[in-house]
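Next comes structure36.tsv, with TSV, C-alpha atoms and all ligand atoms.
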chain	number	residue	atom	x	y	z
I	1	MET	CA	85.31	110.42	81.05
I	2	GLN	CA	88.83	111.32	80.08
I	3	ALA	CA	91.89	110.19	81.99
I	4	ALA	CA	95.60	110.48	81.32
I	5	LEU	CA	97.90	107.57	80.54
I	6	VAL	CA	101.46	108.60	81.31
I	7	TYR	CA	103.77	106.23	79.51
I	8	ASP	CA	105.98	105.90	76.48
I	9	ALA	CA	108.21	103.17	75.12
I	10	SER	CA	111.39	104.85	76.43
I	11	MET	CA	110.32	103.67	79.90
I	12	GLU	CA	111.37	100.14	78.92
I	13	ALA	CA	114.90	101.31	79.77
I	14	TYR	CA	114.07	100.38	83.39
I	15	ASP	CA	115.48	96.90	82.85
I	16	PHE	CA	117.84	95.15	85.28
I	17	SER	CA	118.77	92.27	82.96
I	18	PRO	CA	117.08	89.74	80.66
I	19	ASP	CA	116.86	87.15	83.45
I	20	HIS	CA	115.50	89.53	86.11
I	21	PRO	CA	111.83	88.85	87.05
I	22	LEU	CA	110.73	92.49	86.63
I	23	ARG	CA	110.27	92.55	82.88
I	24	PRO	CA	109.66	95.96	81.29
I	25	GLU	CA	107.65	94.17	78.58
I	26	ARG	CA	104.90	93.54	81.13
I	27	VAL	CA	104.05	97.25	80.92
I	28	SER	CA	104.22	97.46	77.11
I	29	LEU	CA	102.12	94.30	76.81
I	30	SER	CA	99.57	95.85	79.17
I	31	ILE	CA	99.46	99.07	77.14
I	32	ALA	CA	99.05	96.95	74.01
I	33	LEU	CA	95.97	95.31	75.53
I	34	VAL	CA	94.54	98.63	76.73
I	35	GLU	CA	95.06	100.00	73.22
I	36	ALA	CA	93.64	96.91	71.46
I	37	TYR	CA	90.51	97.31	73.58
I	38	GLY	CA	90.15	100.86	72.24
I	39	LEU	CA	90.72	102.55	75.60
I	40	ILE	CA	93.23	105.03	74.21
I	41	ALA	CA	90.61	107.33	72.76
I	42	PRO	CA	89.26	110.87	73.20
I	43	ASP	CA	86.52	109.70	75.58
I	44	ALA	CA	88.81	107.38	77.55
I	45	LEU	CA	92.58	107.53	78.08
I	46	GLU	CA	94.64	110.33	76.59
I	47	SER	CA	98.35	109.55	76.15
I	48	ALA	CA	100.70	111.92	77.94
I	49	ALA	CA	104.48	111.86	77.70
I	50	PRO	CA	106.54	111.28	80.84
I	51	ARG	CA	109.43	113.53	81.84
I	52	PRO	CA	112.27	112.71	84.21
I	53	ALA	CA	111.94	113.68	87.86
I	54	THR	CA	114.33	116.47	88.78
I	55	ARG	CA	117.03	116.05	91.41
I	56	ALA	CA	115.09	118.40	93.68
I	57	GLU	CA	111.99	116.20	93.33
I	58	LEU	CA	113.98	113.05	94.16
I	59	LEU	CA	115.58	114.75	97.18
I	60	ARG	CA	112.18	115.29	98.81
I	61	VAL	CA	112.19	111.53	99.43
I	62	HIS	CA	115.75	110.25	98.99
I	63	VAL	CA	118.99	111.40	100.64
I	64	ALA	CA	121.59	113.03	98.38
I	65	ALA	CA	124.21	110.34	99.11
I	66	TYR	CA	121.84	107.70	97.72
I	67	VAL	CA	120.96	109.65	94.56
I	68	ASP	CA	124.69	110.23	94.01
I	69	ALA	CA	125.35	106.49	94.42
I	70	VAL	CA	122.66	105.70	91.82
I	71	VAL	CA	124.26	108.17	89.40
I	72	ARG	CA	127.74	106.67	89.96
I	73	ALA	CA	126.47	103.10	89.49
I	74	SER	CA	124.65	104.18	86.32
I	75	HIS	CA	127.99	105.05	84.75
I	76	ASP	CA	129.80	101.99	86.09
I	77	PRO	CA	127.42	99.20	87.18
I	78	ASP	CA	130.31	97.13	88.57
I	79	LEU	CA	131.30	99.84	91.02
I	80	PRO	CA	130.42	98.78	94.59
I	81	VAL	CA	128.38	101.80	95.72
I	82	GLY	CA	126.38	100.20	98.55
I	83	HIS	CA	122.88	101.57	99.27
I	84	GLY	CA	121.26	98.26	98.32
I	85	LEU	CA	122.55	98.38	94.74
I	86	GLY	CA	124.50	95.45	93.39
I	87	PRO	CA	124.22	91.66	93.20
I	88	GLY	CA	120.79	90.54	94.44
I	89	ASP	CA	117.28	91.91	93.92
I	90	THR	CA	118.26	95.33	92.66
I	91	PRO	CA	121.44	95.14	90.55
I	92	ALA	CA	122.89	98.29	89.02
I	93	PHE	CA	122.64	98.75	85.25
I	94	GLU	CA	123.93	101.30	82.81
I	95	GLY	CA	121.60	104.29	82.57
I	96	MET	CA	119.79	103.28	85.77
I	97	HIS	CA	119.48	106.81	87.14
I	98	ASP	CA	117.86	108.17	83.97
I	99	ALA	CA	115.52	105.17	83.68
I	100	ALA	CA	114.43	105.35	87.34
I	101	ALA	CA	114.10	109.16	87.26
I	102	LEU	CA	111.81	108.79	84.23
I	103	VAL	CA	109.57	106.33	86.10
I	104	ALA	CA	109.44	108.76	89.03
I	105	GLY	CA	108.80	111.73	86.73
I	106	ALA	CA	105.93	109.92	85.02
I	107	SER	CA	104.23	109.47	88.39
I	108	VAL	CA	104.85	113.14	89.22
I	109	ALA	CA	103.36	114.13	85.83
I	110	ALA	CA	100.35	111.90	86.53
I	111	ILE	CA	99.66	113.49	89.91
I	112	GLU	CA	100.18	116.99	88.47
I	113	ARG	CA	97.60	116.36	85.76
I	114	VAL	CA	95.08	115.38	88.42
I	115	THR	CA	95.85	118.14	90.96
I	116	SER	CA	95.78	120.78	88.19
I	117	GLY	CA	92.27	119.65	87.27
I	118	ALA	CA	93.30	118.71	83.70
I	119	VAL	CA	91.88	115.22	84.30
I	120	ARG	CA	90.17	113.47	87.19
I	121	ARG	CA	92.18	110.28	86.80
I	122	ALA	CA	95.64	109.32	85.63
I	123	PHE	CA	97.42	106.02	85.14
I	124	ALA	CA	101.21	105.63	85.31
I	125	PRO	CA	101.65	101.89	84.75
I	126	ALA	CA	105.46	101.78	85.01
I	127	GLY	CA	105.27	103.30	88.51
I	128	GLY	CA	104.51	101.77	91.87
I	129	LEU	CA	108.14	101.09	92.87
I	130	HIS	CA	107.10	101.06	96.51
I	131	HIS	CA	110.10	99.31	98.12
I	132	ALA	CA	112.71	102.03	97.45
I	133	HIS	CA	113.79	103.59	100.75
I	134	ARG	CA	115.11	107.00	101.66
I	135	ASP	CA	118.72	105.83	101.45
I	136	ARG	CA	118.68	102.52	99.58
I	137	ALA	CA	117.34	100.52	96.70
I	138	ALA	CA	115.30	97.43	97.55
I	139	GLY	CA	113.03	94.84	95.98
I	140	PHE	CA	113.56	95.86	92.30
I	141	CYS	CA	112.92	99.53	93.19
I	142	VAL	CA	115.49	102.31	92.69
I	143	TYR	CA	113.51	105.54	93.21
I	144	ASN	CA	110.20	105.51	95.04
I	145	ASP	CA	108.06	107.12	92.35
I	146	ALA	CA	104.92	106.89	94.48
I	147	ALA	CA	106.51	108.79	97.36
I	148	VAL	CA	108.23	111.27	95.03
I	149	ALA	CA	104.91	112.04	93.32
I	150	ILE	CA	103.01	112.40	96.60
I	151	ALA	CA	105.77	114.62	98.04
I	152	ALA	CA	105.66	116.82	94.93
I	153	ALA	CA	101.91	117.28	95.30
I	154	LEU	CA	102.18	118.05	99.04
I	155	SER	CA	104.86	120.61	98.32
I	156	ALA	CA	102.83	122.32	95.58
I	157	ASP	CA	99.72	122.65	97.76
I	158	PRO	CA	100.14	123.04	101.54
I	159	ASP	CA	96.51	122.06	102.18
I	160	LEU	CA	96.45	118.88	100.08
I	161	ARG	CA	95.66	115.56	101.77
I	162	ILE	CA	96.34	112.26	100.01
I	163	ALA	CA	95.26	108.70	100.70
I	164	TYR	CA	97.63	106.05	99.32
I	165	ILE	CA	96.15	102.57	98.89
I	166	ASP	CA	98.58	99.76	98.04
I	167	ILE	CA	97.16	96.38	96.97
I	168	ASP	CA	100.46	94.86	95.80
I	169	ALA	CA	101.17	91.41	97.28
I	170	HIS	CA	104.15	92.92	99.10
I	171	HIS	CA	104.04	95.49	101.90
I	172	GLY	CA	104.39	99.09	100.64
I	173	ASP	CA	107.28	99.66	103.03
I	174	GLY	CA	109.09	102.50	101.25
I	175	VAL	CA	105.99	104.67	100.90
I	176	GLN	CA	105.03	103.98	104.50
I	177	GLU	CA	108.54	105.00	105.62
I	178	ALA	CA	108.43	108.23	103.59
I	179	PHE	CA	105.22	109.42	105.30
I	180	TYR	CA	105.34	107.63	108.65
I	181	ASP	CA	105.01	110.88	110.62
I	182	GLN	CA	103.19	112.93	107.94
I	183	PRO	CA	99.59	113.66	108.95
I	184	ARG	CA	98.59	114.78	105.42
I	185	VAL	CA	99.16	111.32	103.95
I	186	LEU	CA	97.18	108.23	104.88
I	187	THR	CA	99.03	105.09	103.75
I	188	ILE	CA	97.12	101.83	103.61
I	189	SER	CA	98.75	98.58	102.52
I	190	LEU	CA	96.98	95.24	101.98
I	191	HIS	CA	99.63	92.57	101.53
I	192	GLU	CA	100.63	89.00	102.21
I	193	ASP	CA	101.63	88.67	105.88
I	194	GLY	CA	105.29	89.57	106.35
I	195	ARG	CA	105.94	86.32	108.19
I	196	TYR	CA	105.63	84.58	104.84
I	197	LEU	CA	106.70	87.14	102.26
I	198	TYR	CA	109.24	89.85	101.47
I	199	PRO	CA	109.89	92.46	102.86
I	200	GLY	CA	108.71	91.06	106.21
I	201	THR	CA	107.27	94.32	107.54
I	202	GLY	CA	103.67	95.59	107.48
I	203	SER	CA	102.30	94.34	110.77
I	204	TYR	CA	99.02	95.88	111.90
I	205	ARG	CA	101.06	97.24	114.81
I	206	GLU	CA	102.82	99.70	112.47
I	207	ARG	CA	100.50	102.72	112.82
I	208	GLY	CA	102.56	105.84	112.11
I	209	ALA	CA	104.31	108.17	114.54
I	210	ALA	CA	104.23	111.66	116.03
I	211	ALA	CA	101.80	113.89	114.09
I	212	GLY	CA	101.26	110.98	111.69
I	213	LEU	CA	100.10	108.55	114.36
I	214	ALA	CA	97.13	106.51	113.04
I	215	THR	CA	97.76	107.61	109.45
I	216	VAL	CA	99.50	104.31	108.65
I	217	ILE	CA	97.31	101.24	108.25
I	218	ASN	CA	98.47	97.73	107.43
I	219	VAL	CA	96.29	94.73	106.70
I	220	PRO	CA	98.57	91.69	106.43
I	221	VAL	CA	96.44	88.97	104.85
I	222	PRO	CA	97.23	85.25	105.14
I	223	PRO	CA	98.63	83.15	102.29
I	224	PHE	CA	95.90	82.10	99.79
I	225	ALA	CA	93.76	85.15	100.69
I	226	THR	CA	90.87	85.11	98.22
I	227	PRO	CA	88.89	87.96	96.64
I	228	GLU	CA	86.43	87.61	99.55
I	229	CYS	CA	89.27	88.44	101.95
I	230	TYR	CA	90.28	91.48	99.91
I	231	LEU	CA	86.70	92.76	99.69
I	232	LEU	CA	86.27	92.26	103.43
I	233	ALA	CA	89.44	94.29	104.10
I	234	CYS	CA	88.29	96.94	101.64
I	235	GLU	CA	84.81	97.30	103.18
I	236	SER	CA	85.84	96.99	106.82
I	237	VAL	CA	89.14	98.87	106.89
I	238	VAL	CA	89.99	100.78	103.72
I	239	ALA	CA	86.64	102.44	103.03
I	240	PRO	CA	85.95	103.71	106.57
I	241	ALA	CA	89.55	104.92	107.00
I	242	VAL	CA	89.49	106.84	103.72
I	243	ARG	CA	86.05	108.32	104.51
I	244	ALA	CA	87.31	109.49	107.90
I	245	PHE	CA	90.51	110.92	106.41
I	246	SER	CA	88.65	112.78	103.63
I	247	PRO	CA	91.49	113.05	101.11
I	248	ASP	CA	91.66	115.43	98.16
I	249	LEU	CA	92.91	112.61	95.99
I	250	ILE	CA	93.70	108.91	96.14
I	251	VAL	CA	96.91	107.32	94.87
I	252	THR	CA	96.69	103.58	94.29
I	253	GLN	CA	99.49	101.06	93.81
I	254	ASN	CA	98.08	98.19	91.80
I	255	GLY	CA	100.57	95.34	91.92
I	256	ALA	CA	99.16	92.37	90.00
I	257	ASP	CA	101.23	89.94	92.06
I	258	ALA	CA	98.39	89.11	94.48
I	259	HIS	CA	97.02	86.90	91.69
I	260	TRP	CA	97.07	83.24	92.72
I	261	SER	CA	99.27	82.26	89.76
I	262	ASP	CA	102.04	84.72	90.53
I	263	PRO	CA	105.38	82.89	90.75
I	264	LEU	CA	106.80	85.08	93.56
I	265	THR	CA	103.86	85.16	95.99
I	266	THR	CA	101.25	82.87	97.59
I	267	LEU	CA	97.99	84.80	97.53
I	268	GLY	CA	94.61	83.90	96.02
I	269	MET	CA	93.30	86.85	94.00
I	270	THR	CA	91.54	86.35	90.66
I	271	LEU	CA	90.78	88.50	87.62
I	272	ASP	CA	87.17	88.88	88.81
I	273	GLY	CA	88.41	89.78	92.26
I	274	TYR	CA	90.63	92.52	90.87
I	275	GLU	CA	87.81	93.90	88.75
I	276	THR	CA	85.47	94.09	91.74
I	277	LEU	CA	88.17	95.64	93.94
I	278	PHE	CA	88.98	98.28	91.29
I	279	ALA	CA	85.28	99.14	91.05
I	280	ARG	CA	85.02	99.54	94.85
I	281	LEU	CA	88.10	101.77	94.93
I	282	SER	CA	86.72	103.90	92.08
I	283	ASP	CA	83.44	104.28	93.93
I	284	LEU	CA	85.34	105.18	97.08
I	285	ALA	CA	87.26	107.88	95.18
I	286	ASP	CA	83.97	109.26	93.82
I	287	GLU	CA	82.53	109.33	97.32
I	288	THR	CA	85.50	110.80	99.19
I	289	ALA	CA	87.91	112.54	96.80
I	290	GLY	CA	85.87	114.04	93.98
I	291	GLY	CA	86.74	110.98	91.89
I	292	ARG	CA	90.42	112.00	91.75
I	293	VAL	CA	92.68	108.95	91.39
I	294	VAL	CA	96.28	108.48	90.37
I	295	ALA	CA	96.76	104.78	89.63
I	296	LEU	CA	100.28	103.38	89.57
I	297	GLY	CA	101.41	99.92	88.45
I	298	GLY	CA	103.43	97.75	90.79
I	299	GLY	CA	104.60	94.16	90.94
I	300	GLY	CA	103.31	91.25	88.90
I	301	TYR	CA	105.39	88.41	87.55
I	302	SER	CA	102.92	86.36	85.48
I	303	TRP	CA	103.72	89.10	83.04
I	304	GLN	CA	102.60	87.67	79.71
I	305	THR	CA	99.11	86.58	80.67
I	306	VAL	CA	97.98	87.99	84.03
I	307	VAL	CA	99.51	91.46	84.48
I	308	PRO	CA	98.13	92.86	81.18
I	309	ARG	CA	94.63	91.60	81.97
I	310	VAL	CA	94.70	93.02	85.52
I	311	TRP	CA	95.91	96.40	84.30
I	312	ALA	CA	93.42	96.48	81.41
I	313	LEU	CA	90.70	95.98	84.04
I	314	LEU	CA	92.27	98.78	86.09
I	315	ALA	CA	92.35	101.11	83.07
I	316	SER	CA	88.70	100.32	82.29
I	317	SER	CA	87.70	101.11	85.89
I	318	LEU	CA	89.45	104.49	85.66
I	319	VAL	CA	87.38	105.50	82.63
I	320	GLY	CA	84.16	103.83	83.76
I	321	LYS	CA	83.85	101.36	80.88
I	322	ARG	CA	83.23	97.64	81.12
I	323	LEU	CA	85.42	95.64	78.76
I	324	PRO	CA	83.98	92.76	76.73
I	325	ASP	CA	85.26	89.37	77.75
I	326	ALA	CA	86.57	88.51	74.27
I	327	LEU	CA	90.26	89.36	74.11
I	328	PRO	CA	91.38	91.23	70.98
I	329	GLU	CA	92.93	88.67	68.62
I	330	SER	CA	95.84	91.02	67.78
I	331	TRP	CA	96.87	91.01	71.43
I	332	ARG	CA	96.51	87.23	71.76
I	333	GLU	CA	98.76	86.90	68.71
I	334	ARG	CA	101.37	89.07	70.41
I	335	VAL	CA	101.36	86.79	73.46
I	336	ARG	CA	101.61	83.73	71.21
I	337	ALA	CA	104.67	85.28	69.56
I	338	LEU	CA	106.35	85.19	72.98
I	339	GLY	CA	105.96	81.42	72.96
I	340	VAL	CA	103.16	81.50	75.54
I	341	ASP	CA	99.57	80.24	75.14
I	342	PRO	CA	97.36	83.31	75.45
I	343	PRO	CA	94.30	83.21	77.72
I	344	GLU	CA	90.97	82.61	75.97
I	345	THR	CA	89.13	85.51	77.57
I	346	LEU	CA	89.74	88.59	79.70
I	347	ARG	CA	88.24	87.15	82.88
I	348	GLU	CA	88.99	83.44	82.38
I	349	ASP	CA	90.60	82.26	85.60
I	350	ALA	CA	90.82	78.84	87.24
I	351	GLY	CA	91.22	80.55	90.64
I	352	PRO	CA	93.40	79.43	93.53
I	353	GLN	CA	93.61	75.66	93.87
I	354	ILE	CA	92.42	75.42	97.47
I	355	ASP	CA	89.64	73.35	99.03
I	356	ASP	CA	86.60	74.76	100.83
I	357	ALA	CA	88.07	74.18	104.29
I	358	THR	CA	91.18	76.21	103.40
I	359	ARG	CA	89.03	78.93	101.85
I	360	GLU	CA	87.03	79.16	105.08
I	361	LEU	CA	90.17	79.18	107.23
I	362	VAL	CA	91.77	81.95	105.19
I	363	LEU	CA	88.62	84.09	105.47
I	364	HIS	CA	88.52	83.41	109.22
I	365	ASP	CA	92.16	84.49	109.57
I	366	THR	CA	91.48	87.64	107.56
I	367	ARG	CA	88.51	88.50	109.82
I	368	HIS	CA	90.85	88.13	112.78
I	369	VAL	CA	93.42	90.50	111.23
I	370	VAL	CA	90.69	93.02	110.39
I	371	GLU	CA	89.57	92.98	114.03
I	372	LYS	CA	93.14	93.63	115.15
I	373	VAL	CA	93.47	96.55	112.73
I	374	LEU	CA	90.18	98.07	113.87
I	375	GLU	CA	91.15	97.74	117.53
I	376	GLY	CA	94.00	100.15	116.70
X	401	ZN	ZN	104.93	93.05	94.85
Starting from the file, lay out its structure as structure tokens.
Ligand SMILES: [Zn+2]
Amino acid sequence: MQAALVYDASMEAYDFSPDHPLRPERVSLSIALVEAYGLIAPDALESAAPRPATRAELLRVHVAAYVDAVVRASHDPDLPVGHGLGPGDTPAFEGMHDAAALVAGASVAAIERVTSGAVRRAFAPAGGLHHAHRDRAAGFCVYNDAAVAIAAALSADPDLRIAYIDIDAHHGDGVQEAFYDQPRVLTISLHEDGRYLYPGTGSYRERGAAAGLATVINVPVPPFATPECYLLACESVVAPAVRAFSPDLIVTQNGADAHWSDPLTTLGMTLDGYETLFARLSDLADETAGGRVVALGGGGYSWQTVVPRVWALLASSLVGKRLPDALPESWRERVRALGVDPPETLREDAGPQIDDATRELVLHDTRHVVEKVLEG
């Protein structure tokens, strides 16, 4: 099965500063692993070049005053332009507009390749910048590539219906905002409960509005939520909602920051858990959307060792191949060159360091949240 991989090295320009946690190398190191595993091949992923999103494409999601502020700050990063740009999570940097427009354009190109029928699946690993809002940058995100891509597809085909599934540790607030009253987009976010983690939103009470009422679903999971919790949420909430919605395609945001080792979050996912979840989502796409999936990247801050393994598992799920557990030595060498001990195998994972009582409690709390979501 052939799928498109929309990425090139110029996307590393999306770089806030050397000491910012969102390292562009996490994407290149992931691509290196995907490539070392032989997944960039005629029967697997085909490389496709990104192109920048146009101003008109950005304006479907963002207000003009914000895009203009990004452009101004790109020329002079010290200029106080407001709109969430500046000291803090999302500092301005030279060339920021071009870099962020390229990330957004890659996601648009990925969705276009799927809607045109060129491929059934596409992967845009630099995308998934789900916190960018209509009028402001937030949480390391300048332009909301996910929303820009979905809006482009809706605009090109007035009958298209899209399900967006966000498994990043953080609530997909910007995408939810963009389509809060849009009945043609179902947004589902599984994330660490906003009482404990940025951005604080994503309660199960947020359900959409007007014509989009009930097309927004949030499953805030408790800290230390394990793969069991994620699979429960997937089976009990995500799968039935997507079946009922009957989308033409599924867009996924695949933040790797729900892994238990992530330095910015407190969840309990594992490599095995991700692999199983990716398989379930692929099956769900086959069942409900003709197999059409556009997979975006997302967060993930254990970037040398965890993010590349999670996204290699994602890439393998998109092309229906199971990867051998032995990690390619060339890739392990590359990690070693960063001064980090590489993992021994693809799926090696100590798992969250919690006792059985905590594991049970976390599952119990997740069941409770699922009941609340299903009550509507
Ligand atoms: Zn995140």
Pull the neighbourhood of (102.5, 113.1, 84.0) for me: all residues within 9 Å in file coordinates, counting all atoms listed in the file, as a list in words.
->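 Residues found, by chain and rising number: Ala4, Leu5, Val6, Tyr7, Ala48, Ala49, Pro50, Arg51, Gly105, Ala106, Ser107, Val108, Ala109, Ala110, Ile111, Glu112, Arg113, Val114, Ala122, Phe123 and Ala124 of chain I.
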Nearest-residue call for I:Asp168, choices I:Thr54, I:Ser189, I:Ser282, I:Thr215, using only C-alpha atoms = I:Ser189
Mind pulling up the distance from atom CA of I:Gly128 to atom CA of I:Gly208?
-> 20.7 Å
Closest-contact table, chain I side, partner ligand ZN 401 (chain X), 8 Å, counting all atoms listed in the file, as CSV:
residue,atom,partner,partner_atom,distance
I:Asp168,CA,X:ZN401,ZN,4.9
I:Ala169,CA,X:ZN401,ZN,4.8
I:His170,CA,X:ZN401,ZN,4.3
I:His171,CA,X:ZN401,ZN,7.5
I:Gly255,CA,X:ZN401,ZN,5.7
I:Ala256,CA,X:ZN401,ZN,7.6
I:Asp257,CA,X:ZN401,ZN,5.6
I:Ala258,CA,X:ZN401,ZN,7.6
I:Gly298,CA,X:ZN401,ZN,6.4
I:Gly299,CA,X:ZN401,ZN,4.1
I:Gly300,CA,X:ZN401,ZN,6.4
Residues near I:Arg120, cut-off 12 Å, only C-alpha atoms, skip fewer than 2 positions along chain, as a count of residues only = 36
Would you kindly return, as a PDB file with C-alpha atoms, in the coordinates of the input, each protein, DNA or RNA residue with an atom no farther than 8 Å from any atom of I:Leu186, considering only C-alpha atoms and excluding same-chain residues fewer than 4 positions away?
ATOM      1  CA  ILE I 162      96.340 112.260 100.010  1.00  0.00           C
ATOM      2  CA  ALA I 163      95.260 108.700 100.700  1.00  0.00           C
ATOM      3  CA  TYR I 164      97.630 106.050  99.320  1.00  0.00           C
ATOM      4  CA  THR I 215      97.760 107.610 109.450  1.00  0.00           C
ATOM      5  CA  VAL I 216      99.500 104.310 108.650  1.00  0.00           C
ATOM      6  CA  ILE I 217      97.310 101.240 108.250  1.00  0.00           C
ATOM      7  CA  VAL I 242      89.490 106.840 103.720  1.00  0.00           C
ATOM      8  CA  PHE I 245      90.510 110.920 106.410  1.00  0.00           C
TER       9      PHE I 245
END
Given only C-alpha atoms, how would the per-residue table for stretch 19-51 of chain I near stretch 322-326 of chain I read, listing every residue at most 12 Å away with its closest atom pair and distance in Å to one decimal, sorted by chain and number, as CSV?
residue,atom,partner,partner_atom,distance
I:Leu33,CA,I:Leu323,CA,11.0
I:Val34,CA,I:Leu323,CA,9.8
I:Glu35,CA,I:Leu323,CA,11.9
I:Ala36,CA,I:Leu323,CA,11.1
I:Tyr37,CA,I:Leu323,CA,7.5
I:Gly38,CA,I:Leu323,CA,9.6
I:Leu39,CA,I:Leu323,CA,9.3
I:Ala44,CA,I:Arg322,CA,11.8
Identify, on the basis of all atoms listed in the file, every residue whose closest approach to stretch 156-160 of chain I does not exceed 9 Å; exclude the query and any residue fewer than 2 positions from it along the same chain; express the result as an MDAnalysis selection string.
-> chainID I and resid 151:154 162 184:185 247:249
Could you state the separation of atom CA of I:Ile188 and atom CA of I:Arg367 in Å, given to one decimal place?
->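 Between atom CA of I:Ile188 and atom CA of I:Arg367 the gap works out to 17.0 Å.
Of note, atom CA of I:Arg195 and atom CA of I:Phe179 are spaced 23.3 Å apart.
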Proximity to I:Gly351 - best of I:Glu375, I:Asp166, I:Asp365, I:Asp262, only C-alpha atoms | I:Asp262
Check the smallest atom-to-atom distance from each of I:Pro227, I:Pro42, I:Pro77, I:Pro91 to I:Leu363 using all atoms listed in the file, then report the winner.
->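 Nearest candidate to I:Leu363 out of I:Pro227, I:Pro42, I:Pro77, I:Pro91: I:Pro227.
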Hey, what's within 10 Å of I:Ala279 if we count only C-alpha atoms and toss same-chain stuff fewer than 5 positions away? As a ChimeraX atom specification, please?
-> /I:273-274,284-285,313-314,316-318,320
Go ahead and write the selection's residues with C-alpha atoms as an mmCIF file, in the frame of the given file.
data_model
loop_
_atom_site.group_PDB
_atom_site.id
_atom_site.type_symbol
_atom_site.label_atom_id
_atom_site.label_comp_id
_atom_site.auth_asym_id
_atom_site.auth_seq_id
_atom_site.Cartn_x
_atom_site.Cartn_y
_atom_site.Cartn_z
ATOM 1 C CA GLY I 273 88.410 89.780 92.260
ATOM 2 C CA TYR I 274 90.630 92.520 90.870
ATOM 3 C CA LEU I 284 85.340 105.180 97.080
ATOM 4 C CA ALA I 285 87.260 107.880 95.180
ATOM 5 C CA LEU I 313 90.700 95.980 84.040
ATOM 6 C CA LEU I 314 92.270 98.780 86.090
ATOM 7 C CA SER I 316 88.700 100.320 82.290
ATOM 8 C CA SER I 317 87.700 101.110 85.890
ATOM 9 C CA LEU I 318 89.450 104.490 85.660
ATOM 10 C CA GLY I 320 84.160 103.830 83.760
#
Option closest in space to I:Met96, from I:His83, I:His131, I:Arg60, I:His75 [counting all atoms listed in the file] |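 Using all atoms listed in the file, I:Met96 sits closest to I:His75.
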Return the single residue from I:Val61, I:Arg134, I:Cys234, I:Val219 that is closest to I:Arg280, with distances computed using only C-alpha atoms.
->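 Nearest to I:Arg280: I:Cys234.
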Select, from I:Gly172, I:Pro24, I:Gly139, I:Pro308, the residue with the minimum atom-to-atom distance to I:Ala99, counting only C-alpha atoms.
-> I:Pro24
